[in-house]
$ cat upload07.tsv   # TSV, C-alpha atoms and all ligand atoms
chain	number	residue	atom	x	y	z
W	1	MET	CA	-21.32	77.04	47.19
W	2	THR	CA	-24.68	77.99	45.82
W	3	ASP	CA	-23.63	78.97	42.30
W	4	CYS	CA	-21.28	76.04	41.77
W	5	ILE	CA	-22.50	73.53	39.20
W	6	PHE	CA	-20.64	70.62	40.80
W	7	CYS	CA	-22.03	71.46	44.26
W	8	LYS	CA	-25.45	71.29	42.63
W	9	ILE	CA	-24.59	67.82	41.32
W	10	VAL	CA	-23.44	66.80	44.82
W	11	ASN	CA	-26.70	68.05	46.31
W	12	LYS	CA	-28.72	66.34	43.54
W	13	GLU	CA	-30.17	69.70	42.54
W	14	ILE	CA	-29.25	69.03	38.92
W	15	PRO	CA	-29.02	65.61	37.28
W	16	ALA	CA	-25.77	63.85	36.55
W	17	ALA	CA	-24.78	60.30	35.64
W	18	ILE	CA	-23.32	59.50	39.07
W	19	ILE	CA	-21.42	56.22	38.92
W	20	TYR	CA	-19.65	56.39	42.30
W	21	GLU	CA	-20.52	57.83	45.68
W	22	ASP	CA	-19.18	57.56	49.21
W	23	ASP	CA	-19.26	59.92	52.20
W	24	ILE	CA	-16.54	62.17	50.84
W	25	PHE	CA	-16.41	61.83	47.02
W	26	ILE	CA	-18.64	61.39	44.03
W	27	GLY	CA	-17.78	60.32	40.50
W	28	PHE	CA	-19.96	61.10	37.49
W	29	LEU	CA	-19.70	60.97	33.72
W	30	ASP	CA	-18.53	64.14	32.02
W	31	ILE	CA	-21.36	65.74	30.04
W	32	ASN	CA	-18.98	66.31	27.13
W	33	PRO	CA	-16.96	63.10	27.18
W	34	ARG	CA	-13.53	63.16	25.57
W	35	SER	CA	-13.58	59.37	25.58
W	36	LYS	CA	-16.02	56.60	26.44
W	37	GLY	CA	-16.32	56.53	30.24
W	38	HIS	CA	-14.75	59.98	30.78
W	39	THR	CA	-15.39	60.42	34.51
W	40	LEU	CA	-15.01	63.31	36.91
W	41	ILE	CA	-14.10	62.62	40.54
W	42	ILE	CA	-14.78	65.40	43.04
W	43	PRO	CA	-14.81	65.86	46.80
W	44	LYS	CA	-18.35	66.61	47.95
W	45	GLU	CA	-17.09	69.58	49.89
W	46	HIS	CA	-16.35	72.63	47.77
W	47	PHE	CA	-12.68	73.51	47.25
W	48	GLU	CA	-11.60	75.41	44.20
W	49	ARG	CA	-8.21	73.81	43.61
W	50	TYR	CA	-6.26	70.71	44.49
W	51	ASP	CA	-3.66	72.72	46.43
W	52	GLU	CA	-6.46	73.89	48.75
W	53	VAL	CA	-7.72	70.40	49.56
W	54	PRO	CA	-7.01	69.41	53.19
W	55	GLU	CA	-4.84	66.43	53.98
W	56	GLN	CA	-7.49	63.96	55.11
W	57	ILE	CA	-9.37	64.41	51.81
W	58	GLN	CA	-6.19	64.14	49.75
W	59	GLU	CA	-5.41	60.81	51.33
W	60	GLY	CA	-8.76	59.31	50.36
W	61	LEU	CA	-8.51	60.76	46.90
W	62	GLY	CA	-5.57	58.59	45.90
W	63	LYS	CA	-7.48	55.45	46.83
W	64	VAL	CA	-10.67	56.59	45.11
W	65	LEU	CA	-8.86	57.51	41.88
W	66	HIS	CA	-7.11	54.17	41.90
W	67	SER	CA	-10.23	52.12	42.54
W	68	ILE	CA	-12.40	53.96	39.99
W	69	SER	CA	-9.70	53.86	37.30
W	70	LYS	CA	-9.38	50.13	37.80
W	71	GLN	CA	-13.10	49.53	37.64
W	72	LEU	CA	-13.53	51.71	34.55
W	73	ILE	CA	-10.74	49.90	32.74
W	74	GLU	CA	-12.17	46.50	33.55
W	75	LYS	CA	-15.80	47.31	32.77
W	76	LEU	CA	-15.09	49.23	29.57
W	77	ASN	CA	-12.25	47.05	28.30
W	78	ALA	CA	-10.08	50.12	27.97
W	79	THR	CA	-6.41	49.64	27.15
W	80	GLY	CA	-5.16	52.62	29.14
W	81	PHE	CA	-6.25	55.79	30.89
W	82	ASN	CA	-5.19	59.35	31.68
W	83	ILE	CA	-5.75	61.13	34.98
W	84	LEU	CA	-5.82	64.88	34.71
W	85	SER	CA	-6.68	67.83	36.93
W	86	ASN	CA	-6.74	71.44	35.74
W	87	ASN	CA	-6.08	73.89	38.55
W	88	GLY	CA	-6.42	77.60	37.97
W	89	GLU	CA	-7.36	79.51	34.84
W	90	SER	CA	-3.80	79.36	33.52
W	91	ALA	CA	-4.16	75.56	33.59
W	92	GLY	CA	-7.48	75.67	31.76
W	93	GLN	CA	-9.77	75.06	34.73
W	94	VAL	CA	-13.31	75.96	33.76
W	95	VAL	CA	-15.38	74.59	36.65
W	96	LYS	CA	-14.08	76.06	39.91
W	97	HIS	CA	-14.75	73.01	42.06
W	98	VAL	CA	-11.68	70.79	42.19
W	99	HIS	CA	-12.07	67.73	39.99
W	100	PHE	CA	-10.03	64.92	38.50
W	101	HIS	CA	-10.70	63.68	35.00
W	102	ILE	CA	-10.26	59.97	34.39
W	103	LEU	CA	-10.10	59.37	30.65
W	104	PRO	CA	-10.21	55.73	29.60
W	105	ARG	CA	-8.24	55.18	26.39
W	106	TYR	CA	-8.73	52.57	23.73
W	107	GLY	CA	-6.80	50.89	20.95
W	108	GLU	CA	-3.06	50.68	20.67
W	109	LYS	CA	-1.32	54.03	20.56
W	110	GLY	CA	-3.11	57.31	21.19
W	111	HIS	CA	-1.85	60.86	21.32
W	112	SER	CA	0.77	61.46	23.97
W	113	LEU	CA	1.43	64.29	26.38
W	114	GLU	CA	3.03	66.14	23.48
W	115	ALA	CA	-0.37	66.68	21.81
W	116	ALA	CA	-1.72	68.69	24.74
W	117	PHE	CA	1.58	70.05	26.00
W	118	PRO	CA	4.21	70.66	23.31
W	119	ILE	CA	7.74	70.83	24.70
W	120	ASP	CA	8.46	74.27	26.15
W	121	GLU	CA	11.91	74.99	24.71
W	122	GLN	CA	12.70	77.73	27.22
W	123	ALA	CA	11.76	75.48	30.13
W	124	LYS	CA	14.02	72.84	28.61
W	125	GLU	CA	16.92	75.26	28.39
W	126	GLU	CA	16.34	76.24	32.01
W	127	LEU	CA	16.09	72.65	33.24
W	128	GLN	CA	19.19	72.86	35.40
W	129	GLN	CA	18.22	76.18	37.00
W	130	THR	CA	14.77	74.78	37.67
W	131	TYR	CA	16.28	71.73	39.30
W	132	ASN	CA	18.54	73.96	41.42
W	133	LEU	CA	15.57	76.02	42.47
W	134	LEU	CA	13.45	73.03	43.47
W	135	ALA	CA	15.56	70.21	44.82
W	136	PRO	CA	15.17	69.04	47.47
W	137	LEU	CA	11.47	69.57	48.13
W	138	GLN	CA	10.13	69.03	51.64
W	139	PRO	CA	9.32	65.37	52.26
W	140	VAL	CA	5.74	64.51	53.14
W	141	ASN	CA	5.46	64.14	56.90
W	142	HIS	CA	5.16	60.36	57.05
W	143	MET	CA	7.90	59.76	54.47
W	144	LYS	CA	11.59	60.13	55.11
W	145	VAL	CA	14.50	61.16	52.94
W	146	ALA	CA	17.02	58.35	52.62
W	147	PRO	CA	20.58	59.40	53.63
W	148	GLU	CA	21.98	57.90	50.42
W	149	GLY	CA	19.51	60.10	48.54
W	150	ILE	CA	21.07	63.21	50.04
W	151	ALA	CA	24.50	61.96	48.97
W	152	HIS	CA	23.22	61.59	45.41
W	153	LYS	CA	22.01	65.17	45.55
W	154	GLU	CA	25.55	66.37	46.23
W	155	GLU	CA	26.86	64.34	43.29
W	156	ASN	CA	24.11	65.81	41.15
W	157	LYS	CA	25.16	69.35	41.96
W	158	GLU	CA	28.65	68.65	40.65
W	159	LYS	CA	27.32	66.97	37.53
W	160	GLN	CA	25.04	69.87	36.71
W	161	GLU	CA	28.02	72.22	36.50
W	162	ASN	CA	29.69	69.95	33.95
W	163	ILE	CA	26.73	69.38	31.67
W	164	LYS	CA	27.30	70.96	28.27
W	165	ASN	CA	25.29	69.39	25.46
W	166	GLU	CA	21.74	68.20	24.98
W	167	LYS	CA	22.62	64.52	25.05
W	168	GLU	CA	24.10	64.92	28.49
W	169	ILE	CA	21.10	66.91	29.66
W	170	LYS	CA	18.86	64.06	28.56
W	171	SER	CA	20.80	61.41	30.45
W	172	PHE	CA	21.01	63.77	33.43
W	173	GLU	CA	17.22	64.12	33.35
W	174	GLU	CA	16.75	60.36	33.38
W	175	GLU	CA	19.32	59.83	36.07
W	176	THR	CA	17.92	62.61	38.23
W	177	TYR	CA	14.48	61.16	37.88
W	178	LEU	CA	15.69	57.75	38.99
W	179	MET	CA	17.63	59.25	41.87
W	180	ASP	CA	14.65	61.26	42.99
W	181	GLN	CA	12.60	58.08	43.00
W	182	ARG	CA	15.15	56.55	45.33
W	183	ASP	CA	15.38	59.63	47.55
W	184	ILE	CA	11.93	59.31	49.02
W	185	LEU	CA	11.42	56.08	50.90
W	186	PRO	CA	8.26	55.14	52.76
W	187	ASP	CA	8.54	54.44	56.47
W	188	SER	CA	9.73	50.89	57.00
M	201	LIG	P1	-12.19	71.63	33.44
M	201	LIG	O1	-11.88	72.23	32.10
M	201	LIG	O2	-12.69	72.65	34.44
M	201	LIG	O3	-11.09	70.77	33.96
M	201	LIG	O4	-13.36	70.60	33.12
M	201	LIG	C1	-14.68	70.76	33.46
M	201	LIG	C2	-15.40	69.57	32.89
M	201	LIG	O5	-16.71	69.56	33.46
M	201	LIG	C3	-15.55	69.60	31.38
M	201	LIG	O6	-14.97	68.43	30.83
M	201	LIG	C4	-17.05	69.66	31.18
M	201	LIG	O7	-17.48	68.90	30.07
M	201	LIG	C5	-17.60	69.12	32.49
M	201	LIG	N1	-18.90	69.67	32.86
M	201	LIG	C6	-19.23	70.98	32.92
M	201	LIG	N2	-20.50	71.13	33.34
M	201	LIG	C7	-20.97	69.88	33.58
M	201	LIG	C8	-22.23	69.38	34.05
M	201	LIG	O8	-23.17	70.11	34.32
M	201	LIG	N3	-22.34	68.05	34.16
M	201	LIG	C9	-21.33	67.18	33.86
M	201	LIG	N4	-21.58	65.88	34.01
M	201	LIG	N5	-20.14	67.63	33.42
M	201	LIG	C10	-19.97	68.96	33.28
M	202	ZN	ZN	-18.68	73.44	44.35
$ encode --input "upload07.tsv" --output "structure tokens"
Amino acid sequence: MTDCIFCKIVNKEIPAAIIYEDDIFIGFLDINPRSKGHTLIIPKEHFERYDEVPEQIQEGLGKVLHSISKQLIEKLNATGFNILSNNGESAGQVVKHVHFHILPRYGEKGHSLEAAFPIDEQAKEELQQTYNLLAPLQPVNHMKVAPEGIAHKEENKEKQENIKNEKEIKSFEEETYLMDQRDILPDS
């Protein structure tokens, strides 16, 4: 895209501190770093949002994010890192070429998710309805849903109807999370 600033970086039409490049992705330092080593990873091809990125690019992205995060942490002696992608104006996306922020973090305890995203009380109240609306999502084509996972889903439905107070909702959340982790098993 001719008027896209990140496409211009890809095409070397404007300068950037490019620290990683392969056939499909580049990584460069953010011009306004939110931490030392704040890096942006982008596909060279222009897509506006992550949900528009085709499968073969998505697959490489996971590996690239992993490798670059690891190298940043080691070279900068960071103690942690955040990976973040803003998609759409409602999510705060400013540059309309899909990108992933890797933010190395330092020291012992930094601000948590809460600082950027305070708890949405209405979403919390609607947790069960949201779960009902979503579960189960379609498995990714090369993954399979474990039969015991489906059984857990049935148990969950019964439990949801009985949940009354916040404490129970909390333990339900944790349990559901754990169950959902078990539901999706890679091909053996
Ligand atoms: P967004 O808010 O869209 O997720 O983030 C866009 C990011 O791109 C911001 O962190 C901003 O500092 C960075 N950025 C915008 N323009 C440029 C540029 O020309 N060069 C570099 N290196 N980063 C940029
Ligand atoms: Zn672009």
$ residues_around --input "upload07.tsv" --residues "Thr39 in chain W" --least-positions-apart "5" --cutoff "6 Å" --atoms "all atoms listed in the file" --output "VMD selection string"
chain W and resid 28 to 30 101 to 102
$ atom_distance --input "upload07.tsv" --atom1 "CA of Leu113 in chain W" --atom2 "atom C6 of ligand LIG 201 (chain M)"
22.7 Å
$ closest_residue --input "upload07.tsv" --among "W:Glu48, W:Glu59, W:Glu74, W:Glu13" --to "Val95 in chain W" --atoms "all atoms listed in the file"
W:Glu48
$ residues_near_ligand --input "upload07.tsv" --ligand "ligand ZN 202 (chain M)" --cutoff "6 Å" --atoms "only C-alpha atoms and all ligand atoms" --output "number ranges by chain"
W: 1, 4, 6-7, 46, 97
$ residues_near_ligand --input "upload07.tsv" --ligand "ligand LIG 201 (chain M)" --cutoff "12 Å" --atoms "all atoms listed in the file" --output "PyMOL selection string"
chain W and resi 3-10+12-19+26-35+37-42+48-50+83-103
$ closest_residue --input "upload07.tsv" --among "W:Leu65, W:Leu134, W:Ala123, W:Leu72" --to "Tyr106 in chain W" --atoms "all atoms listed in the file"
W:Leu72
$ axis_aligned_box --input "upload07.tsv" --around "range 57-76 of chain W" --padding-each-side "4 Å" --output "AutoDock Vina command-line options"
--center_x -10.6 --center_y 55.5 --center_z 40.7 --size_x 18.4 --size_y 25.9 --size_z 30.2
$ atom_distance --input "upload07.tsv" --atom1 "CA of Phe25 in chain W" --atom2 "CA of Glu55 in chain W"
14.3 Å
$ atom_distance --input "upload07.tsv" --atom1 "CA of Val64 in chain W" --atom2 "CA of Asp22 in chain W"
9.5 Å
$ closest_residue --input "upload07.tsv" --among "W:Thr2, W:Gly62, W:Glu21, W:Gly80" --to "Lys109 in chain W" --atoms "all atoms listed in the file"
W:Gly80
